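Asks: One file is attached below, entry-v5.txt, containing compact mmCIF, C-alpha atoms.
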# COMPACT_ATOMS: atom_id res chain seq x y z
CA MET A 1 8.58 -0.01 2.17
CA MET A 2 8.43 1.49 5.65
CA ALA A 3 9.41 -1.86 7.15
CA VAL A 4 12.41 -1.99 4.81
CA LEU A 5 13.75 1.51 5.28
CA GLN A 6 12.42 2.29 8.74
CA THR A 7 12.68 -1.08 10.48
CA PRO A 8 12.32 0.23 14.07
CA VAL A 9 8.88 1.74 13.43
CA ALA A 10 7.28 -1.54 12.32
CA ARG A 11 5.81 -4.08 14.75
CA SER A 12 4.13 -5.99 11.94
CA VAL A 13 2.98 -5.45 8.36
CA PHE A 14 -0.42 -6.40 6.97
CA ALA A 15 -0.61 -5.54 3.27
CA TRP A 16 -2.90 -6.35 0.38
CA GLY A 17 -2.56 -5.77 -3.33
CA SER A 18 1.10 -4.95 -2.92
CA ALA A 19 4.18 -6.95 -3.92
CA GLY A 20 7.09 -4.55 -3.56
CA ALA A 21 7.49 -4.59 -7.32
CA VAL A 22 5.63 -3.61 -10.47
CA SER A 23 5.05 -5.96 -13.39
CA ASP A 24 3.69 -4.55 -16.65
CA PRO A 25 4.93 -6.69 -19.54
CA ASP A 26 2.31 -5.49 -22.01
CA GLY A 27 2.09 -1.88 -20.78
CA LYS A 28 -1.54 -2.23 -19.71
CA LEU A 29 -0.95 -1.08 -16.14
CA VAL A 30 0.73 2.17 -17.14
CA THR A 31 -1.81 2.79 -19.89
CA SER A 32 -4.70 2.13 -17.50
CA PHE A 33 -3.59 4.98 -15.23
CA ARG A 34 -2.40 7.31 -17.98
CA THR A 35 -5.75 7.29 -19.78
CA VAL A 36 -8.19 6.64 -16.96
CA VAL A 37 -9.64 10.15 -16.79
CA TYR A 38 -10.14 10.90 -20.50
CA ASP A 39 -10.36 7.42 -22.05
CA PRO A 40 -10.71 4.70 -19.40
CA VAL A 41 -9.86 1.17 -20.43
CA PRO A 42 -12.62 -1.43 -19.93
CA GLY A 43 -13.19 -1.98 -16.23
CA PHE A 44 -11.90 1.45 -15.19
CA GLY A 45 -15.10 3.42 -15.80
CA ASP A 46 -16.22 3.37 -12.17
CA TYR A 47 -12.74 4.32 -11.01
CA ARG A 48 -12.74 7.24 -13.47
CA ASP A 49 -16.10 8.44 -12.13
CA TYR A 50 -14.82 8.23 -8.55
CA LEU A 51 -11.64 10.16 -9.37
CA VAL A 52 -13.45 12.97 -11.16
CA ALA A 53 -16.16 13.24 -8.49
CA TYR A 54 -13.65 13.30 -5.61
CA TYR A 55 -10.75 15.29 -7.05
CA GLY A 56 -12.18 17.14 -10.03
CA GLU A 57 -11.14 16.36 -13.57
CA ALA A 58 -7.98 18.49 -13.73
CA VAL A 59 -6.44 17.19 -10.49
CA ALA A 60 -7.49 13.61 -11.25
CA ARG A 61 -5.91 13.79 -14.70
CA ALA A 62 -2.64 15.33 -13.49
CA THR A 63 -2.40 12.91 -10.56
CA THR A 64 -2.97 9.74 -12.55
CA GLN A 65 -0.71 10.82 -15.41
CA SER A 66 2.15 11.64 -13.02
CA PHE A 67 1.57 8.31 -11.28
CA ALA A 68 1.67 6.55 -14.67
CA ASP A 69 4.96 8.27 -15.46
CA ALA A 70 6.42 7.03 -12.16
CA MET A 71 5.18 3.48 -12.82
CA HIS A 72 6.69 3.60 -16.30
CA ALA A 73 10.05 4.67 -14.88
CA ILE A 74 9.95 1.94 -12.24
CA VAL A 75 9.11 -0.71 -14.84
CA ALA A 76 11.88 0.59 -17.12
CA ASP A 77 14.32 0.14 -14.23
CA GLY A 78 13.29 -3.48 -13.77
CA GLY A 79 10.15 -3.05 -11.68
CA ASP A 80 11.58 -3.21 -8.19
CA ILE A 81 10.16 -0.98 -5.47
CA CYS A 82 11.43 -2.66 -2.32
CA ARG A 83 11.42 -6.40 -3.03
CA ASP A 84 15.18 -6.53 -3.55
CA ARG A 85 15.68 -5.02 -0.07
CA ALA A 86 12.94 -6.98 1.67
CA ASP A 87 15.41 -9.26 3.43
CA ARG A 88 16.01 -6.32 5.78
CA ILE A 89 12.50 -6.72 7.20
CA THR A 90 12.58 -8.27 10.66
CA CYS A 91 8.94 -7.96 11.76
CA PRO A 92 6.13 -10.40 10.88
CA VAL A 93 4.52 -9.73 7.49
CA CYS A 94 1.17 -10.87 6.05
CA LEU A 95 0.66 -10.41 2.31
CA LEU A 96 -2.72 -10.85 0.65
CA VAL A 97 -3.75 -10.71 -2.99
CA GLY A 98 -7.21 -11.05 -4.50
CA GLU A 99 -7.55 -13.85 -7.02
CA ALA A 100 -8.87 -11.31 -9.55
CA ASP A 101 -6.36 -8.54 -8.82
CA ILE A 102 -5.38 -6.98 -12.16
CA PHE A 103 -2.15 -5.43 -10.84
CA VAL A 104 -0.65 -8.04 -8.50
CA THR A 105 -0.52 -11.83 -8.66
CA LYS A 106 0.06 -14.64 -6.17
CA PRO A 107 3.52 -15.43 -7.66
CA MET A 108 4.45 -11.77 -7.12
CA ILE A 109 3.58 -11.77 -3.41
CA ASP A 110 5.21 -15.20 -3.07
CA ALA A 111 8.43 -13.71 -4.47
CA LEU A 112 8.28 -10.93 -1.90
CA ALA A 113 7.40 -13.27 0.96
CA ALA A 114 10.34 -15.52 0.04
CA ARG A 115 12.70 -12.67 0.94
CA ILE A 116 11.13 -12.04 4.36
CA ALA A 117 12.05 -14.36 7.20
CA ASN A 118 8.73 -14.21 9.07
CA SER A 119 6.02 -13.94 6.43
CA GLU A 120 2.89 -15.50 5.05
CA ALA A 121 1.25 -14.98 1.66
CA MET A 122 -2.31 -15.82 0.71
CA GLU A 123 -4.59 -15.51 -2.31
CA VAL A 124 -8.14 -14.47 -1.43
CA PRO A 125 -10.98 -16.00 -3.46
CA GLY A 126 -13.75 -13.72 -4.68
CA ALA A 127 -11.69 -10.56 -4.44
CA GLY A 128 -9.92 -8.15 -6.76
CA HIS A 129 -7.39 -5.46 -5.86
CA SER A 130 -9.62 -4.04 -3.10
CA ILE A 131 -9.92 -7.05 -0.81
CA HIS A 132 -11.11 -4.83 2.04
CA GLU A 133 -14.19 -3.99 -0.05
CA ASP A 134 -14.70 -7.24 -1.95
CA GLN A 135 -14.51 -9.52 1.12
CA ARG A 136 -15.22 -7.00 3.86
CA ASP A 137 -16.24 -9.31 6.73
CA TRP A 138 -13.54 -11.89 6.03
CA PHE A 139 -10.93 -9.16 5.70
CA THR A 140 -11.83 -7.51 9.00
CA ALA A 141 -11.69 -10.85 10.83
CA LYS A 142 -8.36 -11.72 9.21
CA LEU A 143 -6.84 -8.39 10.15
CA LEU A 144 -8.09 -8.52 13.75
CA ASP A 145 -6.72 -12.05 14.10
CA TRP A 146 -3.35 -10.96 12.68
CA LEU A 147 -3.10 -8.01 15.06
CA ALA A 148 -4.06 -10.17 18.03
CA ARG A 149 -1.33 -12.71 17.17
CA ASN A 150 1.40 -10.16 16.51
CA MET B 1 -8.32 15.14 12.80
CA GLY B 2 -4.96 16.69 12.15
CA CYS B 3 -2.44 17.75 9.59
CA PHE B 4 1.28 16.94 9.42
CA GLU B 5 3.39 19.06 7.08
CA ARG B 6 6.92 18.62 5.79
CA GLY B 7 8.12 20.56 2.78
CA ASP B 8 5.53 20.28 0.02
CA SER B 9 3.85 17.26 1.61
CA ARG B 10 0.78 17.47 3.83
CA ILE B 11 -0.62 14.41 5.60
CA HIS B 12 -4.26 14.48 6.67
CA PHE B 13 -4.87 12.07 9.55
CA GLU B 14 -7.36 10.99 12.21
CA ILE B 15 -6.63 9.08 15.42
CA THR B 16 -9.25 6.92 17.14
CA GLY B 17 -9.26 4.28 19.89
CA ARG B 18 -6.79 3.21 22.56
CA GLY B 19 -4.21 0.47 22.66
CA ASP B 20 -1.23 -0.59 20.61
CA PRO B 21 -0.69 1.71 17.62
CA VAL B 22 -1.92 0.75 14.14
CA LEU B 23 -0.98 2.92 11.16
CA LEU B 24 -3.70 2.50 8.53
CA LEU B 25 -2.78 3.74 5.06
CA PRO B 26 -5.32 3.58 2.22
CA GLY B 27 -3.92 3.15 -1.27
CA PHE B 28 -3.24 5.55 -4.14
CA THR B 29 -6.23 7.95 -4.62
CA ASP B 30 -8.11 6.24 -1.78
CA SER B 31 -8.98 8.01 1.47
CA ILE B 32 -9.39 7.16 5.14
CA ALA B 33 -13.03 8.19 4.87
CA ALA B 34 -13.63 5.02 2.86
CA HIS B 35 -12.35 2.92 5.76
CA ASP B 36 -14.69 4.17 8.50
CA VAL B 37 -16.19 0.75 9.23
CA LEU B 38 -12.81 -0.98 9.40
CA ARG B 39 -11.45 1.80 11.59
CA SER B 40 -14.35 1.46 14.01
CA HIS B 41 -13.68 -2.28 14.37
CA LEU B 42 -9.98 -1.68 15.01
CA ALA B 43 -10.57 1.20 17.42
CA ASP B 44 -12.23 -1.17 19.91
CA ARG B 45 -8.79 -2.60 20.71
CA PHE B 46 -6.16 -0.39 19.06
CA ARG B 47 -5.07 3.20 18.68
CA VAL B 48 -5.75 3.67 15.00
CA ILE B 49 -3.69 6.32 13.24
CA ALA B 50 -5.35 6.59 9.83
CA ALA B 51 -3.68 8.80 7.25
CA ASP B 52 -4.16 9.67 3.59
CA LEU B 53 -1.12 9.24 1.36
CA PRO B 54 0.42 12.49 0.07
CA GLY B 55 -1.59 13.55 -2.97
CA SER B 56 -4.53 11.28 -2.09
CA GLY B 57 -7.69 11.79 -0.05
CA LEU B 58 -7.37 15.07 1.82
CA SER B 59 -3.54 15.02 1.84
CA GLY B 60 -1.49 17.30 -0.34
CA PRO B 61 -0.12 18.46 -2.57
CA GLN B 62 -2.84 18.02 -5.18
CA PRO B 63 -2.06 17.33 -7.88
CA ARG B 64 1.07 15.59 -6.71
CA HIS B 65 4.17 14.93 -8.77
CA TYR B 66 5.17 11.26 -8.39
CA SER B 67 8.90 10.73 -8.74
CA ARG B 68 10.57 7.44 -9.64
CA HIS B 69 11.41 7.05 -5.94
CA TYR B 70 8.22 8.32 -4.36
CA TYR B 71 7.80 5.11 -2.33
CA ASP B 72 11.10 5.79 -0.57
CA GLU B 73 10.14 9.41 0.00
CA ASP B 74 6.78 8.43 1.48
CA ALA B 75 8.35 5.81 3.77
CA ALA B 76 10.70 8.40 5.24
CA LEU B 77 7.87 10.91 5.58
CA PHE B 78 5.58 8.48 7.40
CA ALA B 79 8.36 7.35 9.72
CA GLU B 80 8.77 10.97 10.76
CA PHE B 81 5.02 11.32 11.06
CA LEU B 82 4.74 8.21 13.23
CA ALA B 83 7.51 9.40 15.54
CA GLU B 84 5.34 12.41 16.37
CA HIS B 85 2.36 10.27 17.31
CA THR B 86 3.72 7.18 19.05
CA ASP B 87 6.85 6.09 20.84
CA ARG B 88 6.19 2.41 20.10
CA PRO B 89 6.54 0.32 16.94
CA ALA B 90 3.25 0.27 15.07
CA HIS B 91 1.38 -2.33 13.08
CA LEU B 92 1.54 -1.11 9.48
CA VAL B 93 -1.70 -1.83 7.62
CA GLY B 94 -2.40 -0.91 4.03
Using structure tokens, write down the structure that the file contains.

Replies:
Amino acid sequence: MMAVLQTPVARSVFAWGSAGAVSDPDGKLVTSFRTVVYDPVPGFGDYRDYLVAYYGEAVARATTQSFADAMHAIVADGGDICRDRADRITCPVCLLVGEADIFVTKPMIDALAARIANSEAMEVPGAGHSIHEDQRDWFTAKLLDWLARN
Amino acid sequence: MGCFERGDSRIHFEITGRGDPVLLLPGFTDSIAAHDVLRSHLADRFRVIAADLPGSGLSGPQPRHYSRHYYDEDAALFAEFLAEHTDRPAHLVG
């Protein structure tokens, strides 16, 4: 988004788990955040524990519910965050998505990359949404290589 | 360690290393503290400006109200933040 709206500040973009748009055809994404603190869906238990331990239950609940409301509004408007304006981006962009990401898919980052003149998109095996944690060594090497080349 | 404030938003940040600027932004509810190892690798060659998103990590407000257009609001906020800490285009990582 910064590279779209604030083009002069960006030398390059290296992003993961982000597609400039939200897709939630069955409502699972919004529900996952709305209920995570008091009734986490399967797979969100560890995230719930992290949120409550770090922020406290009240702040965690208010934060995730407000975030869910925003996601719901974005989806209701068609899901676009910045993808429709991505052709304004002039700097090099690298987009990564984990093969097991539950929020973002390879076709979604491909759709974003297709709007950016100088871009590459890649699916990372053995990773979910948090590629930097799931494939830590590979991720660090990939990022350092990207920065060195750009 | 520092704090950048505009209106109701407060950005907690830390700057390490020397070189071309890299703005490192963890995701929603994540924090820069969880990226210490990555930051140390980057800081060997880059000036790493690591910041928590408003409402996440140690940035405020908490709890935050997320509007339909919060991405746009955050982009403008971080552009202003970056202008205070570098006069060169930065690599945006996050």

Asks: Place a sphere of radius 7 Å on (-2.3, 3.0, 15.3) in the file coordinates and name every protein, DNA or RNA residue with an atom inside or on its surface, counting only C-alpha atoms; give the answer as a PDB file with C-alpha atoms, in the coordinates of the input.

Replies:
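Wrote it out as point-v8.pdb, contents follow:
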ATOM      1  CA  ASP B  20      -1.230  -0.590  20.610  1.00  0.00           C
ATOM      2  CA  PRO B  21      -0.690   1.710  17.620  1.00  0.00           C
ATOM      3  CA  VAL B  22      -1.920   0.750  14.140  1.00  0.00           C
ATOM      4  CA  LEU B  23      -0.980   2.920  11.160  1.00  0.00           C
ATOM      5  CA  LEU B  24      -3.700   2.500   8.530  1.00  0.00           C
ATOM      6  CA  PHE B  46      -6.160  -0.390  19.060  1.00  0.00           C
ATOM      7  CA  ARG B  47      -5.070   3.200  18.680  1.00  0.00           C
ATOM      8  CA  VAL B  48      -5.750   3.670  15.000  1.00  0.00           C
ATOM      9  CA  ILE B  49      -3.690   6.320  13.240  1.00  0.00           C
ATOM     10  CA  ALA B  90       3.250   0.270  15.070  1.00  0.00           C
ATOM     11  CA  HIS B  91       1.380  -2.330  13.080  1.00  0.00           C
TER      12      HIS B  91
END

Asks: Which residues, written as a list of chain:residue names, have at least one atom at most 6 Å from region 91-105 of chain A, with all atoms listed in the file counted and residues fewer than 5 positions away on the same chain left out?

Replies: A:Arg11, A:Ser12, A:Val13, A:Phe14, A:Ala15, A:Trp16, A:Gly17, A:Asn118, A:Ser119, A:Glu120, A:Ala121, A:Met122, A:Glu123, A:Val124, A:Pro125, A:Ala127, A:Gly128, A:His129

Asks: With the cut-off set at 9 Å and counting only C-alpha atoms, tabulate each residue of chain A with an atom at most that distance from an atom of chain B, showing the nearest atom pair and its distance in Å to one decimal, ordered by chain and increasing number, as CSV.

Replies:
residue,atom,partner,partner_atom,distance
A:Met1,CA,B:Ala75,CA,6.0
A:Met2,CA,B:Ala75,CA,4.7
A:Ala3,CA,B:Leu92,CA,8.2
A:Val4,CA,B:Ala75,CA,8.9
A:Leu5,CA,B:Ala75,CA,7.1
A:Gln6,CA,B:Ala79,CA,6.6
A:Pro8,CA,B:Pro89,CA,6.5
A:Val9,CA,B:Pro89,CA,4.5
A:Ala10,CA,B:Pro89,CA,5.0
A:Arg11,CA,B:Pro89,CA,5.0
A:Ser12,CA,B:His91,CA,4.7
A:Val13,CA,B:Leu92,CA,4.7
A:Phe14,CA,B:Val93,CA,4.8
A:Ala15,CA,B:Gly94,CA,5.0
A:Trp16,CA,B:Gly94,CA,6.6
A:Gly17,CA,B:Gly94,CA,8.8
A:Ser18,CA,B:Gly94,CA,8.8
A:Leu51,CA,B:Thr29,CA,7.5
A:Tyr54,CA,B:Gly57,CA,8.3
A:Tyr55,CA,B:Gly57,CA,8.4
A:Ala58,CA,B:Pro63,CA,8.4
A:Val59,CA,B:Pro63,CA,5.1
A:Ala60,CA,B:Pro63,CA,7.4
A:Arg61,CA,B:Pro63,CA,8.6
A:Ala62,CA,B:Pro63,CA,6.0
A:Thr63,CA,B:Pro63,CA,5.2
A:Thr64,CA,B:Thr29,CA,8.8
A:Ser66,CA,B:Tyr66,CA,5.5
A:Phe67,CA,B:Tyr66,CA,5.5
A:Ala68,CA,B:Tyr66,CA,8.6
A:Asp69,CA,B:Tyr66,CA,7.7
A:Ala70,CA,B:Arg68,CA,4.9
A:Met71,CA,B:Arg68,CA,7.4
A:His72,CA,B:Arg68,CA,8.6
A:Ala73,CA,B:Arg68,CA,5.9
A:Ile74,CA,B:Arg68,CA,6.1
A:Ile81,CA,B:Tyr71,CA,7.2
A:Cys82,CA,B:Tyr71,CA,8.6
A:His132,CA,B:Leu38,CA,8.5
A:Arg136,CA,B:Leu38,CA,8.5
A:Thr140,CA,B:Leu38,CA,6.6
A:Leu143,CA,B:Val93,CA,8.7
A:Leu144,CA,B:Leu42,CA,7.2
A:Leu147,CA,B:His91,CA,7.5
A:Asn150,CA,B:His91,CA,8.5

Asks: Please check which residues have atoms at most 10 Å from (0.5, 18.2, 5.2) in the file's coordinates, counting all atoms listed in the file, and write them as a CSV table (one decimal) with C-alpha atoms, in the frame of the given file.

Replies:
chain,number,residue,atom,x,y,z
B,2,GLY,CA,-5.0,16.7,12.2
B,3,CYS,CA,-2.4,17.8,9.6
B,4,PHE,CA,1.3,16.9,9.4
B,5,GLU,CA,3.4,19.1,7.1
B,6,ARG,CA,6.9,18.6,5.8
B,7,GLY,CA,8.1,20.6,2.8
B,8,ASP,CA,5.5,20.3,0.0
B,9,SER,CA,3.8,17.3,1.6
B,10,ARG,CA,0.8,17.5,3.8
B,11,ILE,CA,-0.6,14.4,5.6
B,12,HIS,CA,-4.3,14.5,6.7
B,13,PHE,CA,-4.9,12.1,9.6
B,52,ASP,CA,-4.2,9.7,3.6
B,53,LEU,CA,-1.1,9.2,1.4
B,54,PRO,CA,0.4,12.5,0.1
B,55,GLY,CA,-1.6,13.6,-3.0
B,58,LEU,CA,-7.4,15.1,1.8
B,59,SER,CA,-3.5,15.0,1.8
B,60,GLY,CA,-1.5,17.3,-0.3
B,61,PRO,CA,-0.1,18.5,-2.6

Asks: Using CA of Gly45 (chain A) and CA of Leu29 (chain A) as the two end points, give the distance in Å to one decimal.

Replies: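 Distance between the two atoms: 14.9 Å.
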
Asks: If you measure from CA of Ile15 (chain B) to CA of Asp137 (chain A), what distance in Å do you get, rounded to one decimal?

Replies: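 Computing the Euclidean distance for CA of Ile15 (chain B) and CA of Asp137 (chain A) yields 22.5 Å.
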